[in-house]
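Okay, protein28.csv now, which holds CSV, C-alpha atoms and all ligand atoms:
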chain,number,residue,atom,x,y,z
A,1,MET,CA,-2.9,26.4,11.9
A,2,THR,CA,0.3,25.2,10.2
A,3,ALA,CA,0.3,21.4,9.9
A,4,LYS,CA,2.9,19.1,11.4
A,5,LEU,CA,4.5,17.0,8.7
A,6,ILE,CA,4.0,13.2,8.7
A,7,ASP,CA,7.5,12.0,7.7
A,8,GLY,CA,7.0,8.7,5.8
A,9,ASN,CA,10.8,8.4,5.1
A,10,LEU,CA,11.6,8.6,8.8
A,11,VAL,CA,8.9,6.1,9.9
A,12,ALA,CA,9.7,3.7,7.1
A,13,ALA,CA,13.4,3.8,8.1
A,14,LEU,CA,12.4,2.8,11.7
A,15,VAL,CA,10.2,0.0,10.4
A,16,ARG,CA,13.0,-1.2,8.1
A,17,ASP,CA,15.5,-1.2,11.0
A,18,GLN,CA,13.1,-3.4,13.0
A,19,ILE,CA,12.7,-5.8,10.1
A,20,ARG,CA,16.4,-5.9,9.5
A,21,ASN,CA,16.9,-7.0,13.2
A,22,ASP,CA,14.1,-9.5,13.0
A,23,VAL,CA,15.5,-11.0,9.8
A,24,ARG,CA,18.9,-11.3,11.4
A,25,ASP,CA,17.4,-13.1,14.4
A,26,TRP,CA,15.4,-15.4,12.1
A,27,VAL,CA,18.4,-16.3,10.1
A,28,GLY,CA,20.5,-16.6,13.3
A,29,GLN,CA,18.0,-19.3,14.5
A,30,GLY,CA,19.1,-21.4,11.5
A,31,ASN,CA,16.4,-20.4,9.0
A,32,ARG,CA,17.1,-19.4,5.4
A,33,PRO,CA,16.5,-15.7,4.6
A,34,PRO,CA,12.9,-14.7,3.6
A,35,PHE,CA,12.4,-14.8,-0.2
A,36,LEU,CA,10.1,-12.6,-2.2
A,37,GLN,CA,9.3,-13.6,-5.8
A,38,VAL,CA,8.3,-10.7,-8.0
A,39,VAL,CA,6.5,-11.2,-11.3
A,40,GLN,CA,6.5,-8.5,-13.9
A,41,VAL,CA,4.5,-8.7,-17.1
A,42,GLY,CA,5.6,-6.3,-19.9
A,43,ASN,CA,7.9,-3.3,-19.7
A,44,ASP,CA,5.8,-0.5,-18.2
A,45,PRO,CA,8.5,2.0,-17.0
A,46,ALA,CA,6.5,3.0,-13.8
A,47,SER,CA,6.2,-0.7,-12.9
A,48,SER,CA,10.0,-1.2,-13.4
A,49,THR,CA,10.7,1.7,-11.1
A,50,TYR,CA,8.4,0.4,-8.4
A,51,ILE,CA,9.9,-3.1,-8.6
A,52,ARG,CA,13.4,-1.7,-8.4
A,53,ALA,CA,12.5,0.3,-5.3
A,54,LYS,CA,10.8,-2.7,-3.7
A,55,THR,CA,13.5,-5.3,-4.4
A,56,ARG,CA,16.3,-2.9,-3.4
A,57,ALA,CA,14.5,-2.1,-0.1
A,58,CYS,CA,14.0,-5.9,0.6
A,59,GLU,CA,17.6,-6.7,-0.1
A,60,ASP,CA,18.7,-3.9,2.2
A,61,VAL,CA,17.0,-5.6,5.2
A,62,GLY,CA,18.2,-9.1,4.2
A,63,ILE,CA,15.1,-10.3,2.3
A,64,GLU,CA,16.2,-12.1,-0.9
A,65,THR,CA,14.3,-11.4,-4.1
A,66,ALA,CA,14.1,-12.5,-7.7
A,67,THR,CA,12.0,-11.1,-10.6
A,68,ALA,CA,10.4,-13.3,-13.2
A,69,HIS,CA,10.0,-11.1,-16.3
A,70,LEU,CA,7.4,-12.2,-18.7
A,71,PRO,CA,6.5,-10.6,-22.1
A,72,ASP,CA,3.3,-8.6,-22.3
A,73,THR,CA,2.0,-11.2,-24.8
A,74,VAL,CA,2.1,-14.0,-22.1
A,75,SER,CA,-1.1,-16.0,-22.0
A,76,ALA,CA,-3.2,-16.3,-18.8
A,77,LEU,CA,-2.4,-20.0,-18.7
A,78,GLU,CA,1.4,-19.5,-19.0
A,79,LEU,CA,1.3,-16.8,-16.3
A,80,LYS,CA,-0.7,-18.9,-13.9
A,81,GLN,CA,1.6,-21.9,-14.5
A,82,GLN,CA,4.5,-19.7,-13.5
A,83,ILE,CA,2.7,-18.6,-10.4
A,84,GLN,CA,1.7,-22.2,-9.6
A,85,GLY,CA,5.4,-23.1,-9.6
A,86,PHE,CA,6.1,-20.4,-7.1
A,87,ASN,CA,3.1,-21.4,-5.0
A,88,GLU,CA,4.5,-25.0,-4.8
A,89,SER,CA,8.2,-23.9,-4.2
A,90,ASP,CA,9.3,-24.2,-0.6
A,91,ALA,CA,12.0,-21.7,-1.4
A,92,VAL,CA,9.4,-18.9,-2.1
A,93,ASP,CA,7.8,-17.2,0.9
A,94,GLY,CA,6.0,-14.2,-0.8
A,95,ILE,CA,4.7,-13.6,-4.3
A,96,LEU,CA,4.1,-10.2,-5.8
A,97,VAL,CA,2.6,-9.8,-9.2
A,98,GLN,CA,3.2,-6.1,-10.2
A,99,LEU,CA,0.1,-4.4,-11.3
A,100,PRO,CA,-1.3,-3.2,-13.7
A,101,LEU,CA,-1.4,-6.2,-16.0
A,102,PRO,CA,-2.0,-6.0,-19.8
A,103,ASP,CA,-5.6,-5.8,-20.8
A,104,HIS,CA,-5.9,-9.4,-22.0
A,105,LEU,CA,-5.1,-10.7,-18.5
A,106,SER,CA,-7.8,-10.7,-15.7
A,107,GLN,CA,-6.3,-9.1,-12.6
A,108,HIS,CA,-8.8,-10.9,-10.4
A,109,ASP,CA,-8.0,-14.3,-11.9
A,110,VAL,CA,-4.2,-13.8,-11.6
A,111,ILE,CA,-4.4,-12.6,-8.0
A,112,GLU,CA,-6.6,-15.5,-7.1
A,113,SER,CA,-4.1,-17.9,-8.6
A,114,ILE,CA,-1.5,-16.8,-6.0
A,115,ASP,CA,-1.5,-19.0,-2.8
A,116,TYR,CA,-3.1,-16.7,-0.3
A,117,ARG,CA,-0.5,-17.8,2.3
A,118,LYS,CA,2.1,-16.2,0.0
A,119,ASP,CA,0.0,-13.1,-1.0
A,120,VAL,CA,2.2,-10.5,0.7
A,121,ASP,CA,0.4,-7.7,-1.2
A,122,GLY,CA,-2.8,-8.6,0.7
A,123,PHE,CA,-4.9,-8.5,-2.5
A,124,HIS,CA,-6.2,-12.1,-2.5
A,125,PRO,CA,-9.9,-12.4,-1.7
A,126,MET,CA,-9.1,-14.7,1.2
A,127,ASN,CA,-6.9,-12.0,2.8
A,128,VAL,CA,-9.4,-9.2,2.0
A,129,GLY,CA,-12.2,-11.3,3.4
A,130,ARG,CA,-10.3,-12.0,6.6
A,131,LEU,CA,-9.5,-8.3,6.9
A,132,ALA,CA,-13.3,-7.6,6.8
A,133,VAL,CA,-14.0,-10.0,9.7
A,134,ASP,CA,-11.0,-9.1,11.9
A,135,GLN,CA,-9.0,-12.3,11.3
A,136,PRO,CA,-5.2,-12.3,11.1
A,137,THR,CA,-4.3,-11.6,7.5
A,138,PHE,CA,-1.9,-10.0,5.1
A,139,ARG,CA,-3.1,-6.4,5.2
A,140,SER,CA,-2.8,-4.5,1.9
A,141,CYS,CA,0.5,-2.6,2.2
A,142,THR,CA,-0.6,1.0,1.7
A,143,PRO,CA,-3.4,1.0,4.3
A,144,ALA,CA,-1.1,-1.0,6.7
A,145,GLY,CA,1.5,1.7,6.1
A,146,ILE,CA,-0.9,4.5,6.9
A,147,LEU,CA,-1.9,2.7,10.2
A,148,GLU,CA,1.8,2.6,11.1
A,149,LEU,CA,2.0,6.4,10.5
A,150,PHE,CA,-1.0,6.9,12.8
A,151,ARG,CA,0.7,4.7,15.4
A,152,HIS,CA,4.0,6.4,15.2
A,153,TYR,CA,2.5,9.9,15.5
A,154,SER,CA,-0.1,8.9,18.1
A,155,ILE,CA,-2.9,10.0,15.8
A,156,PRO,CA,-6.1,8.5,17.2
A,157,THR,CA,-8.9,7.0,14.9
A,158,LYS,CA,-11.3,6.1,17.7
A,159,SER,CA,-14.6,8.0,17.3
A,160,LYS,CA,-13.2,10.2,14.6
A,161,HIS,CA,-14.9,10.8,11.3
A,162,ALA,CA,-12.6,9.3,8.6
A,163,VAL,CA,-13.3,10.1,5.0
A,164,VAL,CA,-11.6,8.0,2.4
A,165,VAL,CA,-11.7,9.3,-1.2
A,166,GLY,CA,-11.1,6.5,-3.6
A,167,ALA,CA,-12.5,3.0,-3.4
A,168,SER,CA,-10.0,0.8,-5.2
A,169,ASN,CA,-9.4,-2.8,-4.1
A,170,ILE,CA,-5.8,-2.0,-3.2
A,171,VAL,CA,-6.0,1.3,-1.2
A,172,GLY,CA,-9.4,3.0,-0.6
A,173,SER,CA,-11.6,0.0,0.0
A,174,PRO,CA,-9.3,-1.9,2.5
A,175,MET,CA,-8.5,1.4,4.2
A,176,ALA,CA,-12.2,2.1,4.8
A,177,ILE,CA,-12.7,-1.5,6.0
A,178,ILE,CA,-9.9,-1.2,8.5
A,179,LEU,CA,-11.0,2.2,9.8
A,180,SER,CA,-14.6,1.1,10.2
A,181,ARG,CA,-14.0,-2.0,12.2
A,182,GLU,CA,-14.4,-1.8,16.0
A,183,ASN,CA,-10.9,-2.9,16.8
A,184,ALA,CA,-7.7,-1.1,17.8
A,185,SER,CA,-6.9,0.1,14.3
A,186,GLY,CA,-10.3,1.4,13.6
A,187,LYS,CA,-13.3,2.6,15.7
A,188,ALA,CA,-13.8,5.4,13.2
A,189,THR,CA,-17.1,6.4,11.7
A,190,THR,CA,-16.1,5.9,8.0
A,191,THR,CA,-17.3,7.5,4.8
A,192,ILE,CA,-16.0,6.3,1.4
A,193,CYS,CA,-16.3,8.5,-1.6
A,194,HIS,CA,-15.5,7.7,-5.3
A,195,LYS,CA,-16.0,9.1,-8.7
A,196,TYR,CA,-19.8,8.6,-8.5
A,197,THR,CA,-20.1,10.6,-5.2
A,198,ARG,CA,-22.3,13.6,-6.1
A,199,ASP,CA,-20.6,16.3,-4.0
A,200,ILE,CA,-17.4,15.1,-2.2
A,201,THR,CA,-17.0,18.4,-0.4
A,202,ARG,CA,-20.2,17.6,1.6
A,203,HIS,CA,-18.2,14.7,3.1
A,204,THR,CA,-14.6,16.0,3.1
A,205,ILE,CA,-15.6,19.2,5.0
A,206,ASP,CA,-16.7,17.0,7.9
A,207,ALA,CA,-13.6,14.8,8.0
A,208,ASP,CA,-11.4,14.6,11.1
A,209,ILE,CA,-9.1,12.2,9.1
A,210,LEU,CA,-9.1,12.5,5.3
A,211,ILE,CA,-7.4,9.8,3.2
A,212,VAL,CA,-7.2,10.6,-0.5
A,213,ALA,CA,-6.3,7.9,-3.0
A,214,ALA,CA,-8.0,8.9,-6.3
A,215,GLY,CA,-5.1,9.5,-8.7
A,216,GLN,CA,-6.4,13.1,-9.4
A,217,PRO,CA,-3.8,15.8,-8.9
A,218,GLY,CA,-5.2,18.9,-7.1
A,219,LEU,CA,-8.5,17.1,-6.3
A,220,ILE,CA,-8.6,18.2,-2.6
A,221,LYS,CA,-8.3,22.0,-1.9
A,222,ALA,CA,-8.2,23.9,1.4
A,223,GLU,CA,-11.8,25.1,1.1
A,224,MET,CA,-13.0,21.4,1.1
A,225,VAL,CA,-11.7,20.6,4.6
A,226,LYS,CA,-12.1,21.9,8.1
A,227,GLU,CA,-9.4,23.3,10.5
A,228,GLY,CA,-7.4,20.6,12.2
A,229,VAL,CA,-8.1,17.8,9.8
A,230,VAL,CA,-5.4,15.0,9.4
A,231,VAL,CA,-4.6,14.7,5.7
A,232,ILE,CA,-3.1,11.5,4.2
A,233,ASP,CA,-2.4,12.0,0.6
A,234,VAL,CA,-1.8,8.6,-1.1
A,235,GLY,CA,-1.9,9.9,-4.7
A,236,ILE,CA,1.2,9.7,-6.9
A,237,ASN,CA,0.8,11.6,-10.1
A,238,ARG,CA,3.4,12.6,-12.7
A,239,ILE,CA,3.2,16.3,-13.7
A,240,ALA,CA,5.2,17.6,-16.6
A,241,ASP,CA,8.0,19.9,-15.3
A,242,GLU,CA,10.6,21.3,-17.7
A,243,THR,CA,12.7,22.5,-14.8
A,244,SER,CA,13.2,19.0,-13.6
A,245,GLU,CA,15.9,16.7,-15.1
A,246,LYS,CA,13.4,13.9,-15.6
A,247,GLY,CA,10.9,16.3,-17.3
A,248,TYR,CA,8.3,15.6,-14.6
A,249,ARG,CA,7.7,15.8,-10.9
A,250,LEU,CA,5.5,13.8,-8.6
A,251,VAL,CA,2.5,15.4,-6.9
A,252,GLY,CA,-0.3,13.9,-4.7
A,253,ASP,CA,-4.1,14.4,-5.0
A,254,CYS,CA,-4.1,17.3,-2.5
A,255,ASP,CA,-3.2,20.9,-2.8
A,256,PHE,CA,-0.4,20.6,-0.2
A,257,GLU,CA,0.4,24.3,0.1
A,258,GLY,CA,-3.2,25.3,0.8
A,259,LEU,CA,-4.0,22.4,3.0
A,260,LYS,CA,-1.0,22.7,5.3
A,261,GLU,CA,-2.3,26.0,6.5
A,262,LYS,CA,-5.5,24.3,7.8
A,263,ALA,CA,-4.6,20.7,8.7
A,264,SER,CA,-3.1,19.5,12.0
A,265,TRP,CA,-1.1,16.8,10.3
A,266,ILE,CA,-0.3,16.2,6.6
A,267,THR,CA,1.8,13.8,4.5
A,268,PRO,CA,4.0,15.2,1.7
A,269,VAL,CA,4.2,13.6,-1.8
A,270,PRO,CA,6.8,12.2,-2.2
A,271,GLY,CA,8.1,11.1,1.2
A,272,GLY,CA,4.7,10.4,2.9
A,273,VAL,CA,2.8,7.2,2.2
A,274,GLY,CA,5.0,5.8,-0.6
A,275,PRO,CA,7.9,4.6,1.6
A,276,MET,CA,5.5,3.1,4.1
A,277,THR,CA,3.9,0.9,1.4
A,278,VAL,CA,7.4,-0.6,0.6
A,279,ALA,CA,8.2,-1.1,4.3
A,280,MET,CA,4.9,-3.0,4.8
A,281,LEU,CA,5.7,-5.3,1.9
A,282,MET,CA,8.9,-6.3,3.7
A,283,LYS,CA,7.0,-6.8,6.9
A,284,ASN,CA,4.4,-9.0,5.2
A,285,THR,CA,7.2,-11.0,3.5
A,286,LEU,CA,8.8,-11.7,6.9
A,287,LEU,CA,5.4,-12.7,8.3
A,288,ALA,CA,5.0,-15.1,5.4
A,289,ALA,CA,8.5,-16.6,5.9
A,290,LYS,CA,7.7,-17.2,9.6
A,291,HIS,CA,4.2,-18.6,8.7
A,292,SER,CA,2.9,-16.1,11.3
A,293,ILE,CA,-0.5,-15.5,9.7
A,294,TYR,CA,-1.2,-19.0,8.5
A,295,PRO,CA,0.7,-21.5,10.7
A,296,ARG,CA,1.6,-24.8,9.1
A,301,LIG,P1,-7.6,3.5,-8.9
A,301,LIG,O1,-7.6,4.2,-10.2
A,301,LIG,O2,-7.7,2.0,-8.9
A,301,LIG,O3,-8.9,4.0,-8.1
A,301,LIG,C1,-9.1,5.4,-8.0
A,301,LIG,C2,-10.4,5.6,-7.1
A,301,LIG,O4,-10.6,7.0,-7.0
A,301,LIG,C3,-11.6,5.0,-7.7
A,301,LIG,O5,-12.4,4.4,-6.6
A,301,LIG,C4,-12.4,6.2,-8.3
A,301,LIG,O6,-13.8,6.1,-8.3
A,301,LIG,C5,-11.9,7.3,-7.3
A,301,LIG,N1,-11.9,8.6,-8.0
A,301,LIG,C6,-11.4,9.0,-9.2
A,301,LIG,N2,-11.6,10.3,-9.4
A,301,LIG,C7,-12.3,10.8,-8.4
A,301,LIG,C8,-12.9,12.0,-8.1
A,301,LIG,N3,-12.8,13.0,-8.9
A,301,LIG,N4,-13.6,12.1,-6.9
A,301,LIG,C9,-13.7,11.1,-6.1
A,301,LIG,N5,-13.2,9.9,-6.3
A,301,LIG,C10,-12.5,9.7,-7.5
A,301,LIG,O7,-6.4,4.0,-8.1
A,301,LIG,P2,-5.5,3.4,-6.9
A,301,LIG,O8,-4.7,2.3,-7.4
A,301,LIG,O9,-6.3,3.2,-5.6
A,301,LIG,O10,-4.5,4.6,-6.7
A,301,LIG,C11,-4.9,5.9,-6.4
A,301,LIG,C12,-3.7,6.8,-6.3
A,301,LIG,O11,-2.8,6.4,-5.3
A,301,LIG,C13,-2.9,6.8,-7.6
A,301,LIG,O12,-2.3,8.1,-7.8
A,301,LIG,C14,-1.8,5.9,-7.3
A,301,LIG,O13,-0.6,6.1,-8.0
A,301,LIG,C15,-1.6,6.1,-5.8
A,301,LIG,N6,-1.0,5.0,-5.1
A,301,LIG,C16,0.0,5.3,-4.2
A,301,LIG,C17,0.5,4.3,-3.4
A,301,LIG,C18,1.5,4.7,-2.4
A,301,LIG,O14,2.2,3.9,-1.9
A,301,LIG,N7,1.7,6.0,-2.1
A,301,LIG,C19,0.1,3.0,-3.5
A,301,LIG,C20,-1.0,2.7,-4.4
A,301,LIG,C21,-1.5,3.7,-5.2

Just give me the structure as structure tokens.
Ligand code: NAD
Amino acid sequence: MTAKLIDGNLVAALVRDQIRNDVRDWVGQGNRPPFLQVVQVGNDPASSTYIRAKTRACEDVGIETATAHLPDTVSALELKQQIQGFNESDAVDGILVQLPLPDHLSQHDVIESIDYRKDVDGFHPMNVGRLAVDQPTFRSCTPAGILELFRHYSIPTKSKHAVVVGASNIVGSPMAIILSRENASGKATTTICHKYTRDITRHTIDADILIVAAGQPGLIKAEMVKEGVVVIDVGINRIADETSEKGYRLVGDCDFEGLKEKASWITPVPGGVGPMTVAMLMKNTLLAAKHSIYPR
């Protein structure tokens, strides 16, 4: 079998078109444009790249943005005071604190200091908790983007065995929660693997849908899956490459060349899940501006 390609650039462009129209209508009704406040701590180059991509994409659909850039020496108190100002500002709809944070700052404390009604990343415990009990919520952007890919390509999850490799708070764990719920986005029998799983092949070989978010290039190989599996590769890893101008290239967690001979559907890296994550951030920001999740 040669897998069909899941084109994240294409689906993200469709989502962006829809958001652009919705923003135009919203502003046409006399509302101000949605506003996303980004907070960056320090100068991590990968974080700067992600922020540029997110803010450009937002502005492209009519969502306004600003980035508060704080030094990596900022104290927890100073950072939380900044966030509190954004929580209280009527001009701010969504707040995104770019992760990772420097070691002296607690990611949990900082995320919890964001008003959950402005938590467009969907990382606040209130939003994660509501996700777990099927209440309207800001869904974490990467899992939400993967659901949108399933919807676009009519890939069913009902009664499938979904295996999620990676159990982080931002990707693997919310993905597994969503797939395991008995609602329209889930109904899958769900297995979650992590670095303490003894033999991941025992699980991956039985997957109808395999979602990999481990940050380990080449982790999943063709002999670890069955024919016809749907492969969603979330991993983004920089691999040294002297032939590239940048000196590196991006690869996922899966052996794409091997897996594409066995899978029914597969996402490339780049151009698979990545663009969907950004598109879902815009969608959440528009929902926040409209108070759709938490009516006031
Ligand atoms: P993380 O480091 O927070 O978590 C990694 C998870 O993978 C952990 O649960 C760990 O136990 C598990 N793991 C690590 N090695 C493993 C192994 N050998 N076998 C099984 N499980 C293993 O990572 P994260 O933030 O969830 O990101 C994971 C990957 O996804 C990274 O490459 C990241 O860059 C990428 N990512 C991509 C997007 C996107 O939009 N495409 C968004 C977020 C993260």

List every residue of region 51-114 of chain A that has an atom at most 12 Å from any atom of region 268-283 of chain A, giving for each one its closest atom pair and the distance in Å to one decimal, counting only C-alpha atoms, sorted by chain and then by ascending residue number, as a Markdown table.
| residue | atom | partner | partner_atom | distance |
| --- | --- | --- | --- | --- |
| A:Ile51 | CA | A:Val278 | CA | 9.9 |
| A:Arg52 | CA | A:Val278 | CA | 10.9 |
| A:Ala53 | CA | A:Val278 | CA | 7.9 |
| A:Lys54 | CA | A:Val278 | CA | 5.9 |
| A:Thr55 | CA | A:Val278 | CA | 9.2 |
| A:Arg56 | CA | A:Val278 | CA | 10.0 |
| A:Ala57 | CA | A:Val278 | CA | 7.3 |
| A:Cys58 | CA | A:Met282 | CA | 6.0 |
| A:Glu59 | CA | A:Met282 | CA | 9.5 |
| A:Asp60 | CA | A:Met282 | CA | 10.2 |
| A:Val61 | CA | A:Met282 | CA | 8.3 |
| A:Gly62 | CA | A:Met282 | CA | 9.7 |
| A:Ile63 | CA | A:Met282 | CA | 7.5 |
| A:Glu64 | CA | A:Met282 | CA | 10.4 |
| A:Thr65 | CA | A:Met282 | CA | 10.8 |
| A:Asp93 | CA | A:Met282 | CA | 11.3 |
| A:Gly94 | CA | A:Leu281 | CA | 9.3 |
| A:Ile95 | CA | A:Leu281 | CA | 10.4 |
| A:Leu96 | CA | A:Leu281 | CA | 9.3 |

Taking only C-alpha atoms and all ligand atoms into account, produce a table as JSON lines in which each residue of chain A with an atom at most 7 Å from an atom of ligand LIG 301 (chain A) appears once, together with its shortest atom pair and the distance in Å to one decimal, ordered by chain and rising number.
{"residue": "A:Thr142", "atom": "CA", "partner": "A:LIG301", "partner_atom": "O14", "distance": 5.4}
{"residue": "A:Val165", "atom": "CA", "partner": "A:LIG301", "partner_atom": "N5", "distance": 5.3}
{"residue": "A:Gly166", "atom": "CA", "partner": "A:LIG301", "partner_atom": "O4", "distance": 3.5}
{"residue": "A:Ala167", "atom": "CA", "partner": "A:LIG301", "partner_atom": "O5", "distance": 3.5}
{"residue": "A:Ser168", "atom": "CA", "partner": "A:LIG301", "partner_atom": "O9", "distance": 4.4}
{"residue": "A:Asn169", "atom": "CA", "partner": "A:LIG301", "partner_atom": "O9", "distance": 6.9}
{"residue": "A:Ile170", "atom": "CA", "partner": "A:LIG301", "partner_atom": "O9", "distance": 5.7}
{"residue": "A:Val171", "atom": "CA", "partner": "A:LIG301", "partner_atom": "O9", "distance": 4.8}
{"residue": "A:Gly172", "atom": "CA", "partner": "A:LIG301", "partner_atom": "O9", "distance": 5.9}
{"residue": "A:Cys193", "atom": "CA", "partner": "A:LIG301", "partner_atom": "N5", "distance": 5.8}
{"residue": "A:His194", "atom": "CA", "partner": "A:LIG301", "partner_atom": "N5", "distance": 3.3}
{"residue": "A:Lys195", "atom": "CA", "partner": "A:LIG301", "partner_atom": "O6", "distance": 3.7}
{"residue": "A:Tyr196", "atom": "CA", "partner": "A:LIG301", "partner_atom": "O6", "distance": 6.5}
{"residue": "A:Thr197", "atom": "CA", "partner": "A:LIG301", "partner_atom": "C9", "distance": 6.5}
{"residue": "A:Ile200", "atom": "CA", "partner": "A:LIG301", "partner_atom": "C9", "distance": 6.7}
{"residue": "A:Ala213", "atom": "CA", "partner": "A:LIG301", "partner_atom": "C11", "distance": 4.2}
{"residue": "A:Ala214", "atom": "CA", "partner": "A:LIG301", "partner_atom": "O4", "distance": 3.3}
{"residue": "A:Gly215", "atom": "CA", "partner": "A:LIG301", "partner_atom": "O12", "distance": 3.3}
{"residue": "A:Gln216", "atom": "CA", "partner": "A:LIG301", "partner_atom": "N2", "distance": 5.9}
{"residue": "A:Leu219", "atom": "CA", "partner": "A:LIG301", "partner_atom": "N3", "distance": 6.5}
{"residue": "A:Val234", "atom": "CA", "partner": "A:LIG301", "partner_atom": "N7", "distance": 4.5}
{"residue": "A:Gly235", "atom": "CA", "partner": "A:LIG301", "partner_atom": "O12", "distance": 3.6}
{"residue": "A:Ile236", "atom": "CA", "partner": "A:LIG301", "partner_atom": "O12", "distance": 4.0}
{"residue": "A:Asn237", "atom": "CA", "partner": "A:LIG301", "partner_atom": "O12", "distance": 5.2}
{"residue": "A:Gly252", "atom": "CA", "partner": "A:LIG301", "partner_atom": "O12", "distance": 6.9}
{"residue": "A:Val273", "atom": "CA", "partner": "A:LIG301", "partner_atom": "N7", "distance": 4.6}
{"residue": "A:Gly274", "atom": "CA", "partner": "A:LIG301", "partner_atom": "O14", "distance": 3.6}
{"residue": "A:Pro275", "atom": "CA", "partner": "A:LIG301", "partner_atom": "O14", "distance": 6.7}
{"residue": "A:Met276", "atom": "CA", "partner": "A:LIG301", "partner_atom": "O14", "distance": 6.9}
{"residue": "A:Thr277", "atom": "CA", "partner": "A:LIG301", "partner_atom": "O14", "distance": 4.8}

With distances taken over only C-alpha atoms, which of A:Ile83, A:Leu77, A:Ile266, A:Pro217 is nearest to Asp253 (chain A)? A:Pro217

Could you list, as an MDAnalysis selection string, every residue within 9 Å of region 111-119 of chain A, counting only C-alpha atoms and ignoring same-chain residues fewer than 5 positions away? chainID A and resid 80 83:84 86:88 92:97 106 124:127 137:138 284:285 288:289 291 293:294

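Using all atoms listed in the file, the shortest contact distance between Glu223 (chain A) and any of A:Ile192, A:Ala263, A:Ala46, A:Ile239 is found at A:Ala263.
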
Supply region 182-187 of chain A as a short mmCIF file (atom, residue, chain, number, x, y, z; two decimals), keeping the file's coordinate frame, with all heavy atoms built in where the input has gaps.
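The resulting file, rebuild-v4.cif, is shown below:
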data_model
loop_
_atom_site.label_atom_id
_atom_site.label_comp_id
_atom_site.auth_asym_id
_atom_site.auth_seq_id
_atom_site.Cartn_x
_atom_site.Cartn_y
_atom_site.Cartn_z
N GLU A 182 -14.47 -2.25 14.58
CA GLU A 182 -14.40 -1.80 16.00
C GLU A 182 -13.26 -2.46 16.72
O GLU A 182 -13.42 -3.04 17.79
CB GLU A 182 -15.76 -2.19 16.67
CG GLU A 182 -16.93 -1.41 16.12
CD GLU A 182 -18.23 -1.81 16.81
OE1 GLU A 182 -18.33 -1.68 18.03
OE2 GLU A 182 -19.14 -2.26 16.10
N ASN A 183 -12.07 -2.38 16.13
CA ASN A 183 -10.90 -2.90 16.80
C ASN A 183 -9.85 -1.80 16.97
O ASN A 183 -10.11 -0.64 16.64
CB ASN A 183 -10.31 -4.10 16.02
CG ASN A 183 -9.87 -3.69 14.62
OD1 ASN A 183 -9.53 -2.53 14.39
ND2 ASN A 183 -9.88 -4.63 13.70
N ALA A 184 -8.66 -2.16 17.44
CA ALA A 184 -7.70 -1.10 17.80
C ALA A 184 -7.27 -0.23 16.66
O ALA A 184 -6.93 0.94 16.87
CB ALA A 184 -6.44 -1.83 18.39
N SER A 185 -7.31 -0.74 15.41
CA SER A 185 -6.90 0.10 14.30
C SER A 185 -8.01 0.96 13.73
O SER A 185 -7.78 1.78 12.85
CB SER A 185 -6.39 -0.78 13.12
OG SER A 185 -5.53 -1.77 13.56
N GLY A 186 -9.21 0.75 14.22
CA GLY A 186 -10.30 1.40 13.60
C GLY A 186 -11.14 2.28 14.56
O GLY A 186 -10.68 3.32 15.00
N LYS A 187 -12.37 1.84 14.78
CA LYS A 187 -13.30 2.60 15.70
C LYS A 187 -13.64 3.95 15.12
O LYS A 187 -14.07 4.82 15.88
CB LYS A 187 -12.76 2.67 17.09
CG LYS A 187 -12.56 1.34 17.81
CD LYS A 187 -12.34 1.59 19.30
CE LYS A 187 -12.17 0.31 20.09
NZ LYS A 187 -10.81 -0.13 20.30
#
